[in-house]
Amino acid sequence: MPIIVQKFGGTSVADSKKILAAARKAIRAQKEGNQVVMVVSAMGKNTDVLVDLAHEITDEPPDREMDMLLSTGEQVSVALVAMAVHSLGHKAISLTGAQIGIVTDSTHTKARIRSISTDRLRKALDDGNIVIAAGFQGIDESNNITTLGRGGSDTTAVALAAVLGADACEIYTDVDGVYTTDPRVVPEARQVRQISYDEMLELATAGAGVMHNRSIEFAKKFNVPVHVRSSFSDNPGTMIVRDPEAPNMPVCGAALSKTEARVTVLGVPDRPGAALSIFSKIAAKNIAMDMIVQNEAAGDRADLSFTVSRDDLPATLRAVEVAVKELDAEGYTHDDNVSKISVVGLGMATQPGVAGTMFRALADRGINVEMITTSEIKISALIARDRAVEGLRAVHEAFQLQLPPPETAVRTDGSSLRKAKIDQAAMVARLQRMEKLVIDNIDLDETQSRVTFLDTPDVPGQAAATFDALAAASVVVDMIVQSGVRDDRANISVTVPRSDFSKALAVASKLAELLNCPAPTHCEKVAKLSVFGVGIKSNSGLAARMFQSLATAGVNVELISTSEVRINVVVDAKDGHKALHALKKELADALA
Ligand code: ADP
Ligand code: ASP
Ligand code: MG
């Protein structure tokens, strides 16, 4: 019999009426001939209430006790939903994460799933029950209750769909589906009919709270088609699948992450292993670094900037302080009043001018860009928090995301879902740990050059002017890295195809002359190494492992950029093969 997983978010079970409506949806699916697993979140804003309560008691509640507390929210909902199904005349059983057998690691408040046993679930389903599973929670090997991180019920749902080989995974929420950006912030946003895993993963990590990012890692890894739709209507919703809606559109969506903090470590000795000592100290605290940029610096020192979530700033600064002393770096600065705007799209890899459009939209409103990172399918810019919403709207409008997609847009039909199911089972069987990092490939690209615009003035419009000038000279830009600001100046590094090197250098030299900046630095032959796969950024230790292996091999890293699906590092071309070999060796256990 086909299995359906239906997940109901907090607003979808916020009161008894809504709980009964959710129960009816599940009963309808069962009557249509499916076995049904419901995954439910805590009612309404209950998790927030519990978090606030804990903070009334203490500033730093122990993580283990936090999990004990927060897991109660979901326990309340599962019981009530099961009662609702009963009251409507159908069989139901509620189960906590532990009762299902969702085993996680012991990283309280952001635990990762190791394994899920299906015996009890299957038996309950075969007995005719609708199974009501508590989202967001699990149990570690010592029987401690754990939680998967805020928004983690999505991840429970997709993970259960994967292990059960479900035919559908439906995410019921308070909007009609996935939009080009948060429709509550930008009301003109358009609902997309379909979006690819890679795009959704980048958007979710960039701040699109509609899906928990790790749920999309699961969906991609185990080929689970995810259907996001409204609890309160029968509108068709959005399919999250392998293929994008419109492959030729450069941008499919924009996202805002409001509460970011930037840290810049100044004057880091430019030698192998320096970045590592900073990264590993932060990774040891299970803090995910986001925009990581190391910029080529004048002399033998570099500045290393990165962002972390504002909540993680105090712990991050404690780690940085130790690293600065150890490395004999010049010091550090930080800013906790910044937000990150990102645009995402599979089509941008092949289209020039996307960065220019984004920076021009911000510049036209006098919004200054403090830091930039790009990946093949994402451009992120760090700006002041008080301009964040205005910036998001400007960018959304600049890419005309409110307009309908071209007629060529596609929509996946059911046939690919059946095929997906087979791959899913094989994948589950192969992995020892379900949320294990999987590296699909490590690429060596030896066709690029690097040019660095030094000491460009930190004023609105500077990034736009730089990319306008490059576009006017028809230079195709690949990686873009703008460092954190120092003395009101920032370095912007780009990589370009080697055939465009002299054009790019000419643009940079001319601009330097015009702005009275130092002459650009450059390296005609660089090698770019890209590690890509699933879980790249949420496995916080990966960057540290990569830098450890490169440092041991004596390879110096010139530029770094990260995204949810890949980490790029640029090294001198003469070190390319050595670096590739080192990374392959280091990551052998994760290579698919
Ligand atoms: P649930 O409780 O159902 O899990 P969430 O609040 O976690 O619901 O997620 C739904 C919310 O996500 C929406 O109300 C919306 O404000 C927000 N959101 C952010 N970005 C997007 C987007 N790109 N598309 C749709 N909703 C978005
Ligand atoms: N109740 C949890 C939260 O609010 C998990 C979830 O809703 O997905 O974060
Ligand atoms: Mg949610």
# chains A, B, ... in the order shown; residues from 1 in each chain; ligands from 1
>>> residues_near_ligand(ligand="ligand 2", cutoff="8 Å", atoms="only C-alpha atoms and all ligand atoms", output="PDB file with N, CA and C atoms, in the first residue's frame")
ATOM      1  N   GLY A   9       2.860  22.046  10.408  1.00  0.00           N
ATOM      2  CA  GLY A   9       3.649  23.013  11.184  1.00  0.00           C
ATOM      3  C   GLY A   9       2.828  23.604  12.316  1.00  0.00           C
ATOM      4  N   GLY A  10       3.481  24.441  13.126  1.00  0.00           N
ATOM      5  CA  GLY A  10       2.869  25.006  14.325  1.00  0.00           C
ATOM      6  C   GLY A  10       1.529  25.692  14.078  1.00  0.00           C
ATOM      7  N   VAL A  40       4.013  16.098  13.406  1.00  0.00           N
ATOM      8  CA  VAL A  40       3.483  17.384  13.861  1.00  0.00           C
ATOM      9  C   VAL A  40       4.485  18.172  14.693  1.00  0.00           C
ATOM     10  N   SER A  41       4.343  19.503  14.588  1.00  0.00           N
ATOM     11  CA  SER A  41       5.156  20.446  15.360  1.00  0.00           C
ATOM     12  C   SER A  41       4.412  20.833  16.627  1.00  0.00           C
ATOM     13  N   ALA A  42       5.086  21.579  17.476  1.00  0.00           N
ATOM     14  CA  ALA A  42       4.443  22.133  18.673  1.00  0.00           C
ATOM     15  C   ALA A  42       3.357  23.120  18.245  1.00  0.00           C
ATOM     16  N   MET A  43       2.314  23.231  19.054  1.00  0.00           N
ATOM     17  CA  MET A  43       1.184  24.103  18.700  1.00  0.00           C
ATOM     18  C   MET A  43       1.611  25.575  18.644  1.00  0.00           C
ATOM     19  N   LYS A  45       2.944  29.040  18.694  1.00  0.00           N
ATOM     20  CA  LYS A  45       4.285  29.560  19.021  1.00  0.00           C
ATOM     21  C   LYS A  45       4.813  28.933  20.312  1.00  0.00           C
ATOM     22  N   ASN A  46       4.347  27.733  20.608  1.00  0.00           N
ATOM     23  CA  ASN A  46       4.694  27.107  21.883  1.00  0.00           C
ATOM     24  C   ASN A  46       6.195  26.966  22.114  1.00  0.00           C
ATOM     25  N   THR A  47       6.931  26.641  21.048  1.00  0.00           N
ATOM     26  CA  THR A  47       8.382  26.480  21.226  1.00  0.00           C
ATOM     27  C   THR A  47       9.013  27.803  21.651  1.00  0.00           C
ATOM     28  N   ASP A  48       8.544  28.906  21.028  1.00  0.00           N
ATOM     29  CA  ASP A  48       9.072  30.226  21.414  1.00  0.00           C
ATOM     30  C   ASP A  48       8.770  30.522  22.884  1.00  0.00           C
ATOM     31  N   LEU A  70      12.075  21.629  25.272  1.00  0.00           N
ATOM     32  CA  LEU A  70      11.450  21.929  23.981  1.00  0.00           C
ATOM     33  C   LEU A  70      10.714  20.724  23.399  1.00  0.00           C
ATOM     34  N   SER A  71      11.201  19.526  23.699  1.00  0.00           N
ATOM     35  CA  SER A  71      10.559  18.339  23.129  1.00  0.00           C
ATOM     36  C   SER A  71       9.127  18.172  23.655  1.00  0.00           C
ATOM     37  N   GLY A  73       6.820  20.334  23.679  1.00  0.00           N
ATOM     38  CA  GLY A  73       5.866  21.012  22.798  1.00  0.00           C
ATOM     39  C   GLY A  73       5.261  20.034  21.808  1.00  0.00           C
ATOM     40  N   GLU A  74       6.097  19.233  21.188  1.00  0.00           N
ATOM     41  CA  GLU A  74       5.635  18.267  20.183  1.00  0.00           C
ATOM     42  C   GLU A  74       4.867  17.120  20.852  1.00  0.00           C
ATOM     43  N   GLY A 135       7.543  15.652  15.664  1.00  0.00           N
ATOM     44  CA  GLY A 135       8.634  16.184  14.855  1.00  0.00           C
ATOM     45  C   GLY A 135       9.749  16.706  15.729  1.00  0.00           C
ATOM     46  N   PHE A 136      10.942  16.973  15.108  1.00  0.00           N
ATOM     47  CA  PHE A 136      11.966  17.826  15.726  1.00  0.00           C
ATOM     48  C   PHE A 136      12.792  17.122  16.798  1.00  0.00           C
ATOM     49  N   GLY A 149      17.167  21.192  15.990  1.00  0.00           N
ATOM     50  CA  GLY A 149      17.344  22.592  15.598  1.00  0.00           C
ATOM     51  C   GLY A 149      16.002  23.176  15.203  1.00  0.00           C
ATOM     52  N   ARG A 150      15.837  24.508  15.392  1.00  0.00           N
ATOM     53  CA  ARG A 150      14.550  25.144  15.145  1.00  0.00           C
ATOM     54  C   ARG A 150      14.072  24.868  13.724  1.00  0.00           C
ATOM     55  N   GLY A 151      12.797  24.561  13.606  1.00  0.00           N
ATOM     56  CA  GLY A 151      12.244  24.237  12.293  1.00  0.00           C
ATOM     57  C   GLY A 151      12.470  22.780  11.901  1.00  0.00           C
ATOM     58  N   GLY A 152      13.000  21.979  12.848  1.00  0.00           N
ATOM     59  CA  GLY A 152      13.454  20.626  12.530  1.00  0.00           C
ATOM     60  C   GLY A 152      12.375  19.598  12.229  1.00  0.00           C
ATOM     61  N   SER A 153      11.095  19.943  12.437  1.00  0.00           N
ATOM     62  CA  SER A 153      10.052  18.963  12.111  1.00  0.00           C
ATOM     63  C   SER A 153      10.026  18.630  10.620  1.00  0.00           C
ATOM     64  N   ASP A 154      10.395  19.603   9.786  1.00  0.00           N
ATOM     65  CA  ASP A 154      10.478  19.322   8.345  1.00  0.00           C
ATOM     66  C   ASP A 154      11.465  18.180   8.104  1.00  0.00           C
ATOM     67  N   THR A 155      12.578  18.250   8.853  1.00  0.00           N
ATOM     68  CA  THR A 155      13.618  17.231   8.669  1.00  0.00           C
ATOM     69  C   THR A 155      13.120  15.866   9.134  1.00  0.00           C
ATOM     70  N   HIS A 212      13.154  23.765   6.668  1.00  0.00           N
ATOM     71  CA  HIS A 212      14.404  23.564   7.412  1.00  0.00           C
ATOM     72  C   HIS A 212      15.453  23.099   6.414  1.00  0.00           C
TER      73      HIS A 212
END
>>> closest_atom_pairs(of="chain A", to="ligand 1", cutoff="10 Å", atoms="only C-alpha atoms and all ligand atoms", output="CSV")
residue,atom,partner,partner_atom_place_in_ligand_line,distance
A:Lys7,CA,ligand 1,3 (O),8.3
A:Phe8,CA,ligand 1,3 (O),6.1
A:Gly9,CA,ligand 1,3 (O),3.3
A:Gly10,CA,ligand 1,2 (O),4.0
A:Thr11,CA,ligand 1,2 (O),5.3
A:Ser12,CA,ligand 1,3 (O),6.4
A:Val13,CA,ligand 1,2 (O),8.8
A:Ala14,CA,ligand 1,2 (O),9.3
A:Val40,CA,ligand 1,4 (O),9.3
A:Ser41,CA,ligand 1,2 (O),7.1
A:Ala42,CA,ligand 1,2 (O),8.5
A:Met43,CA,ligand 1,2 (O),8.7
A:Gly44,CA,ligand 1,2 (O),7.4
A:Lys45,CA,ligand 1,2 (O),8.4
A:Arg150,CA,ligand 1,7 (O),8.6
A:Gly151,CA,ligand 1,7 (O),5.7
A:Gly152,CA,ligand 1,4 (O),8.5
A:Ser153,CA,ligand 1,4 (O),7.3
A:Asp154,CA,ligand 1,4 (O),7.0
A:Ile171,CA,ligand 1,3 (O),7.6
A:Tyr172,CA,ligand 1,3 (O),6.2
A:Thr173,CA,ligand 1,3 (O),3.6
A:Asp174,CA,ligand 1,14 (O),5.4
A:Val175,CA,ligand 1,14 (O),5.5
A:Asp176,CA,ligand 1,25 (C),7.5
A:Gly177,CA,ligand 1,25 (C),5.8
A:Val178,CA,ligand 1,24 (N),3.8
A:Tyr179,CA,ligand 1,24 (N),3.7
A:Thr180,CA,ligand 1,23 (N),5.3
A:Thr181,CA,ligand 1,23 (N),3.9
A:Asp182,CA,ligand 1,20 (N),3.6
A:Pro183,CA,ligand 1,16 (O),6.1
A:Arg184,CA,ligand 1,16 (O),5.1
A:Val185,CA,ligand 1,16 (O),7.4
A:Val186,CA,ligand 1,20 (N),9.7
A:Ala189,CA,ligand 1,23 (N),8.3
A:Arg190,CA,ligand 1,24 (N),8.7
A:Gln191,CA,ligand 1,24 (N),7.3
A:Val192,CA,ligand 1,24 (N),8.6
A:Met200,CA,ligand 1,23 (N),8.8
A:Leu203,CA,ligand 1,23 (N),7.4
A:Ala204,CA,ligand 1,20 (N),7.8
A:Ala206,CA,ligand 1,20 (N),9.6
A:Gly207,CA,ligand 1,20 (N),6.9
A:Ala208,CA,ligand 1,20 (N),3.6
A:Gly209,CA,ligand 1,19 (C),4.3
A:Val210,CA,ligand 1,12 (O),3.5
A:Met211,CA,ligand 1,9 (O),6.4
A:His212,CA,ligand 1,7 (O),7.6
A:Val228,CA,ligand 1,25 (C),9.1
A:Arg229,CA,ligand 1,3 (O),9.5
A:Ser230,CA,ligand 1,3 (O),8.7
A:Ser231,CA,ligand 1,3 (O),8.5
A:Thr238,CA,ligand 1,24 (N),9.6
A:Cys252,CA,ligand 1,23 (N),9.9
A:Gly253,CA,ligand 1,23 (N),7.1
A:Ala254,CA,ligand 1,23 (N),7.4
A:Ala255,CA,ligand 1,20 (N),6.8
A:Leu256,CA,ligand 1,20 (N),8.2
A:Ser257,CA,ligand 1,19 (C),9.8
>>> residues_around(residues="segment 470-475 of chain A", least_positions_apart="4", cutoff="7 Å", atoms="only C-alpha atoms", output="PyMOL selection string")
chain A and resi 353+466+500+503-504+507
>>> write_last_selection(atoms="C-alpha atoms", output="short mmCIF file (atom, residue, chain, number, x, y, z; two decimals), in the first residue's frame")
data_model
loop_
_atom_site.label_atom_id
_atom_site.label_comp_id
_atom_site.auth_asym_id
_atom_site.auth_seq_id
_atom_site.Cartn_x
_atom_site.Cartn_y
_atom_site.Cartn_z
CA GLY A 353 25.69 40.32 -15.35
CA THR A 466 33.34 47.38 -10.41
CA ASP A 500 39.71 37.21 -20.08
CA LYS A 503 40.95 42.42 -20.08
CA ALA A 504 40.10 42.05 -16.39
CA VAL A 507 39.79 47.15 -16.07
#
>>> residues_around(residues="Gly97 of chain A", least_positions_apart="3", cutoff="8 Å", atoms="only C-alpha atoms", output="PDB file with N, CA and C atoms, in the first residue's frame")
ATOM      1  N   ILE A 100       9.727   6.067  18.330  1.00  0.00           N
ATOM      2  CA  ILE A 100       9.897   5.629  16.936  1.00  0.00           C
ATOM      3  C   ILE A 100      11.258   4.964  16.777  1.00  0.00           C
ATOM      4  N   GLY A 101      12.247   5.508  17.504  1.00  0.00           N
ATOM      5  CA  GLY A 101      13.615   5.025  17.304  1.00  0.00           C
ATOM      6  C   GLY A 101      14.383   5.929  16.354  1.00  0.00           C
ATOM      7  N   ILE A 102      14.208   7.254  16.544  1.00  0.00           N
ATOM      8  CA  ILE A 102      15.015   8.209  15.770  1.00  0.00           C
ATOM      9  C   ILE A 102      16.274   8.478  16.585  1.00  0.00           C
ATOM     10  N   ALA A 133       3.620  11.149  14.515  1.00  0.00           N
ATOM     11  CA  ALA A 133       5.001  11.193  14.995  1.00  0.00           C
ATOM     12  C   ALA A 133       5.358  12.601  15.446  1.00  0.00           C
ATOM     13  N   ALA A 134       6.039  12.684  16.584  1.00  0.00           N
ATOM     14  CA  ALA A 134       6.492  13.988  17.072  1.00  0.00           C
ATOM     15  C   ALA A 134       7.666  14.447  16.217  1.00  0.00           C
ATOM     16  N   GLY A 135       7.543  15.652  15.664  1.00  0.00           N
ATOM     17  CA  GLY A 135       8.634  16.184  14.855  1.00  0.00           C
ATOM     18  C   GLY A 135       9.749  16.706  15.729  1.00  0.00           C
ATOM     19  N   PHE A 136      10.942  16.973  15.108  1.00  0.00           N
ATOM     20  CA  PHE A 136      11.966  17.826  15.726  1.00  0.00           C
ATOM     21  C   PHE A 136      12.792  17.122  16.798  1.00  0.00           C
ATOM     22  N   GLN A 137      12.415  15.890  17.199  1.00  0.00           N
ATOM     23  CA  GLN A 137      13.108  15.289  18.337  1.00  0.00           C
ATOM     24  C   GLN A 137      13.625  13.894  18.054  1.00  0.00           C
ATOM     25  N   GLY A 138      14.606  13.510  18.835  1.00  0.00           N
ATOM     26  CA  GLY A 138      15.154  12.160  18.748  1.00  0.00           C
ATOM     27  C   GLY A 138      15.726  11.776  20.094  1.00  0.00           C
ATOM     28  N   ILE A 139      16.596  10.776  20.040  1.00  0.00           N
ATOM     29  CA  ILE A 139      17.200  10.295  21.290  1.00  0.00           C
ATOM     30  C   ILE A 139      18.633   9.891  20.963  1.00  0.00           C
TER      31      ILE A 139
END
>>> closest_residue(among="A:Pro187, A:Leu276, A:Gly165, A:Ser215", to="ligand 3", atoms="only C-alpha atoms and all ligand atoms")
A:Ser215
>>> atom_distance(atom1="atom CA of Thr452 of chain A", atom2="atom CA of Val570 of chain A")
12.8 Å
>>> residues_around(residues="Gly461 of chain A", least_positions_apart="5", cutoff="12 Å", atoms="only C-alpha atoms", output="PDB file with N, CA and C atoms, in the first residue's frame")
ATOM      1  N   GLY A 356      26.144  42.153 -11.217  1.00  0.00           N
ATOM      2  CA  GLY A 356      25.987  43.575 -11.510  1.00  0.00           C
ATOM      3  C   GLY A 356      24.573  44.051 -11.217  1.00  0.00           C
ATOM      4  N   THR A 357      23.581  43.260 -11.643  1.00  0.00           N
ATOM      5  CA  THR A 357      22.175  43.645 -11.425  1.00  0.00           C
ATOM      6  C   THR A 357      21.877  43.760  -9.938  1.00  0.00           C
ATOM      7  N   MET A 358      22.365  42.783  -9.179  1.00  0.00           N
ATOM      8  CA  MET A 358      22.089  42.800  -7.736  1.00  0.00           C
ATOM      9  C   MET A 358      22.744  44.019  -7.065  1.00  0.00           C
ATOM     10  N   PHE A 359      24.014  44.250  -7.371  1.00  0.00           N
ATOM     11  CA  PHE A 359      24.713  45.343  -6.680  1.00  0.00           C
ATOM     12  C   PHE A 359      24.193  46.704  -7.134  1.00  0.00           C
ATOM     13  N   ARG A 360      23.768  46.796  -8.403  1.00  0.00           N
ATOM     14  CA  ARG A 360      23.210  48.053  -8.896  1.00  0.00           C
ATOM     15  C   ARG A 360      21.896  48.368  -8.149  1.00  0.00           C
ATOM     16  N   ALA A 361      21.072  47.329  -7.944  1.00  0.00           N
ATOM     17  CA  ALA A 361      19.793  47.535  -7.254  1.00  0.00           C
ATOM     18  C   ALA A 361      20.036  48.091  -5.844  1.00  0.00           C
ATOM     19  N   LEU A 362      21.068  47.568  -5.170  1.00  0.00           N
ATOM     20  CA  LEU A 362      21.378  48.047  -3.818  1.00  0.00           C
ATOM     21  C   LEU A 362      21.974  49.456  -3.882  1.00  0.00           C
ATOM     22  N   ALA A 363      22.874  49.662  -4.847  1.00  0.00           N
ATOM     23  CA  ALA A 363      23.551  50.961  -4.959  1.00  0.00           C
ATOM     24  C   ALA A 363      22.556  52.071  -5.252  1.00  0.00           C
ATOM     25  N   ASP A 364      21.577  51.774  -6.112  1.00  0.00           N
ATOM     26  CA  ASP A 364      20.593  52.796  -6.474  1.00  0.00           C
ATOM     27  C   ASP A 364      19.831  53.315  -5.257  1.00  0.00           C
ATOM     28  N   ARG A 365      19.779  52.500  -4.222  1.00  0.00           N
ATOM     29  CA  ARG A 365      19.121  52.970  -2.997  1.00  0.00           C
ATOM     30  C   ARG A 365      20.123  53.409  -1.942  1.00  0.00           C
ATOM     31  N   GLY A 366      21.346  53.553  -2.352  1.00  0.00           N
ATOM     32  CA  GLY A 366      22.364  54.018  -1.404  1.00  0.00           C
ATOM     33  C   GLY A 366      22.681  53.003  -0.323  1.00  0.00           C
ATOM     34  N   ILE A 367      22.468  51.714  -0.621  1.00  0.00           N
ATOM     35  CA  ILE A 367      22.762  50.676   0.388  1.00  0.00           C
ATOM     36  C   ILE A 367      24.177  50.152   0.166  1.00  0.00           C
ATOM     37  N   ASN A 368      24.979  50.222   1.208  1.00  0.00           N
ATOM     38  CA  ASN A 368      26.376  49.818   1.090  1.00  0.00           C
ATOM     39  C   ASN A 368      26.529  48.296   1.243  1.00  0.00           C
ATOM     40  N   VAL A 369      27.389  47.712   0.421  1.00  0.00           N
ATOM     41  CA  VAL A 369      27.653  46.272   0.512  1.00  0.00           C
ATOM     42  C   VAL A 369      28.944  46.066   1.291  1.00  0.00           C
ATOM     43  N   GLU A 370      28.855  45.331   2.403  1.00  0.00           N
ATOM     44  CA  GLU A 370      30.032  45.191   3.268  1.00  0.00           C
ATOM     45  C   GLU A 370      30.876  43.963   2.957  1.00  0.00           C
ATOM     46  N   THR A 456      39.496  49.266  -2.359  1.00  0.00           N
ATOM     47  CA  THR A 456      38.433  50.065  -2.994  1.00  0.00           C
ATOM     48  C   THR A 456      37.641  50.769  -1.898  1.00  0.00           C
ATOM     49  N   THR A 466      32.328  48.371 -10.036  1.00  0.00           N
ATOM     50  CA  THR A 466      33.344  47.382 -10.409  1.00  0.00           C
ATOM     51  C   THR A 466      32.766  46.364 -11.398  1.00  0.00           C
ATOM     52  N   PHE A 467      31.560  45.866 -11.082  1.00  0.00           N
ATOM     53  CA  PHE A 467      31.017  44.822 -11.961  1.00  0.00           C
ATOM     54  C   PHE A 467      30.460  45.399 -13.255  1.00  0.00           C
ATOM     55  N   ASP A 468      30.015  46.641 -13.211  1.00  0.00           N
ATOM     56  CA  ASP A 468      29.623  47.288 -14.464  1.00  0.00           C
ATOM     57  C   ASP A 468      30.836  47.399 -15.394  1.00  0.00           C
TER      58      ASP A 468
END
>>> residues_around(residues="Ser483 of chain A", least_positions_apart="5", cutoff="7 Å", atoms="only C-alpha atoms", output="ChimeraX atom specification")
/A:293-295,305,371,490-492
>>> write_last_selection(atoms="N, CA, C and O atoms", output="short mmCIF file (atom, residue, chain, number, x, y, z; two decimals), in the first residue's frame")
data_model
loop_
_atom_site.label_atom_id
_atom_site.label_comp_id
_atom_site.auth_asym_id
_atom_site.auth_seq_id
_atom_site.Cartn_x
_atom_site.Cartn_y
_atom_site.Cartn_z
N VAL A 293 35.37 34.52 3.78
CA VAL A 293 36.20 35.08 2.72
C VAL A 293 37.58 35.38 3.26
O VAL A 293 37.76 35.96 4.31
N GLN A 294 38.53 34.88 2.52
CA GLN A 294 39.91 35.22 2.87
C GLN A 294 40.41 36.02 1.70
O GLN A 294 40.32 35.59 0.56
N ASN A 295 40.89 37.18 1.98
CA ASN A 295 41.29 37.99 0.85
C ASN A 295 42.78 38.10 0.77
O ASN A 295 43.46 38.26 1.76
N SER A 305 37.54 37.04 6.92
CA SER A 305 36.24 37.44 7.45
C SER A 305 35.26 36.29 7.30
O SER A 305 35.36 35.50 6.37
N MET A 371 30.21 42.96 2.41
CA MET A 371 30.96 41.73 2.15
C MET A 371 30.20 40.97 1.06
O MET A 371 28.98 41.06 0.99
N ALA A 490 37.92 48.14 1.12
CA ALA A 490 37.70 46.69 0.99
C ALA A 490 38.42 46.18 -0.24
O ALA A 490 38.62 46.92 -1.22
N ASN A 491 38.83 44.92 -0.20
CA ASN A 491 39.41 44.29 -1.39
C ASN A 491 38.34 43.45 -2.08
O ASN A 491 37.58 42.75 -1.42
N ILE A 492 38.29 43.54 -3.38
CA ILE A 492 37.37 42.68 -4.14
C ILE A 492 38.21 41.79 -5.06
O ILE A 492 38.94 42.28 -5.91
#
>>> select_by_dssp(residues="segment 180-271 of chain A", states="strand (DSSP E or B)", output="ChimeraX atom specification")
/A:191,194-196,226-230,238-241,253-269
>>> select_by_dssp(residues="segment 207-387 of chain A", states="helix (DSSP H, G or I)", output="PDB file with C-alpha atoms, in the first residue's frame")
ATOM      1  CA  ASN A 213      17.571  23.397   5.327  1.00  0.00           C
ATOM      2  CA  ARG A 214      18.568  19.934   6.522  1.00  0.00           C
ATOM      3  CA  SER A 215      15.218  18.556   5.363  1.00  0.00           C
ATOM      4  CA  ILE A 216      16.263  19.487   1.840  1.00  0.00           C
ATOM      5  CA  GLU A 217      19.614  17.765   2.283  1.00  0.00           C
ATOM      6  CA  PHE A 218      17.657  14.603   3.098  1.00  0.00           C
ATOM      7  CA  ALA A 219      15.291  15.122   0.186  1.00  0.00           C
ATOM      8  CA  LYS A 220      18.194  15.510  -2.217  1.00  0.00           C
ATOM      9  CA  LYS A 221      20.252  12.662  -0.824  1.00  0.00           C
ATOM     10  CA  PHE A 222      17.353  10.200  -0.739  1.00  0.00           C
ATOM     11  CA  ALA A 274      46.686  29.868   9.515  1.00  0.00           C
ATOM     12  CA  ALA A 275      43.033  29.784   8.497  1.00  0.00           C
ATOM     13  CA  LEU A 276      42.783  26.271   9.869  1.00  0.00           C
ATOM     14  CA  SER A 277      43.669  27.281  13.376  1.00  0.00           C
ATOM     15  CA  ILE A 278      40.762  29.741  13.374  1.00  0.00           C
ATOM     16  CA  PHE A 279      38.269  27.402  11.695  1.00  0.00           C
ATOM     17  CA  SER A 280      38.993  24.424  13.887  1.00  0.00           C
ATOM     18  CA  LYS A 281      38.491  26.378  17.095  1.00  0.00           C
ATOM     19  CA  ILE A 282      35.076  27.541  15.908  1.00  0.00           C
ATOM     20  CA  ALA A 283      34.080  24.145  14.523  1.00  0.00           C
ATOM     21  CA  ARG A 310      24.242  36.537  15.912  1.00  0.00           C
ATOM     22  CA  ASP A 311      23.369  34.086  18.676  1.00  0.00           C
ATOM     23  CA  ASP A 312      26.692  32.372  18.171  1.00  0.00           C
ATOM     24  CA  LEU A 313      28.745  35.593  18.313  1.00  0.00           C
ATOM     25  CA  PRO A 314      29.861  35.529  21.980  1.00  0.00           C
ATOM     26  CA  ALA A 315      31.160  31.963  21.724  1.00  0.00           C
ATOM     27  CA  THR A 316      32.763  32.742  18.360  1.00  0.00           C
ATOM     28  CA  LEU A 317      34.623  35.758  19.737  1.00  0.00           C
ATOM     29  CA  ARG A 318      35.955  33.696  22.619  1.00  0.00           C
ATOM     30  CA  ALA A 319      37.401  31.230  20.099  1.00  0.00           C
ATOM     31  CA  VAL A 320      38.773  33.998  17.878  1.00  0.00           C
ATOM     32  CA  GLU A 321      40.567  35.650  20.775  1.00  0.00           C
ATOM     33  CA  VAL A 322      42.516  32.487  21.448  1.00  0.00           C
ATOM     34  CA  ALA A 323      43.324  32.041  17.747  1.00  0.00           C
ATOM     35  CA  VAL A 324      44.541  35.644  17.354  1.00  0.00           C
ATOM     36  CA  LYS A 325      47.011  35.158  20.218  1.00  0.00           C
ATOM     37  CA  GLU A 326      48.227  31.832  18.895  1.00  0.00           C
ATOM     38  CA  LEU A 327      48.700  33.098  15.352  1.00  0.00           C
ATOM     39  CA  LEU A 346      20.653  27.355 -11.220  1.00  0.00           C
ATOM     40  CA  GLY A 347      20.609  29.521 -14.367  1.00  0.00           C
ATOM     41  CA  MET A 348      23.057  32.130 -13.076  1.00  0.00           C
ATOM     42  CA  ALA A 349      26.097  29.934 -13.653  1.00  0.00           C
ATOM     43  CA  THR A 350      25.840  30.481 -17.394  1.00  0.00           C
ATOM     44  CA  VAL A 354      23.753  38.760 -12.472  1.00  0.00           C
ATOM     45  CA  ALA A 355      26.084  40.176  -9.807  1.00  0.00           C
ATOM     46  CA  GLY A 356      25.987  43.575 -11.510  1.00  0.00           C
ATOM     47  CA  THR A 357      22.175  43.645 -11.425  1.00  0.00           C
ATOM     48  CA  MET A 358      22.089  42.800  -7.736  1.00  0.00           C
ATOM     49  CA  PHE A 359      24.713  45.343  -6.680  1.00  0.00           C
ATOM     50  CA  ARG A 360      23.210  48.053  -8.896  1.00  0.00           C
ATOM     51  CA  ALA A 361      19.793  47.535  -7.254  1.00  0.00           C
ATOM     52  CA  LEU A 362      21.378  48.047  -3.818  1.00  0.00           C
ATOM     53  CA  ALA A 363      23.551  50.961  -4.959  1.00  0.00           C
ATOM     54  CA  ASP A 364      20.593  52.796  -6.474  1.00  0.00           C
ATOM     55  CA  ARG A 385      20.393  45.496   9.235  1.00  0.00           C
ATOM     56  CA  ASP A 386      18.286  48.662   9.146  1.00  0.00           C
ATOM     57  CA  ARG A 387      18.353  48.592   5.334  1.00  0.00           C
TER      58      ARG A 387
END
>>> residues_around(residues="segment 103-119 of chain A", least_positions_apart="4", cutoff="7 Å", atoms="only C-alpha atoms", output="list in words")
Asp63, Arg64, Asp67, Lys123, Gly138, Ile139, Asp140, Glu141, Thr146, Thr147, Leu148, Gly149, Arg433, Met434 and Glu435 of chain A
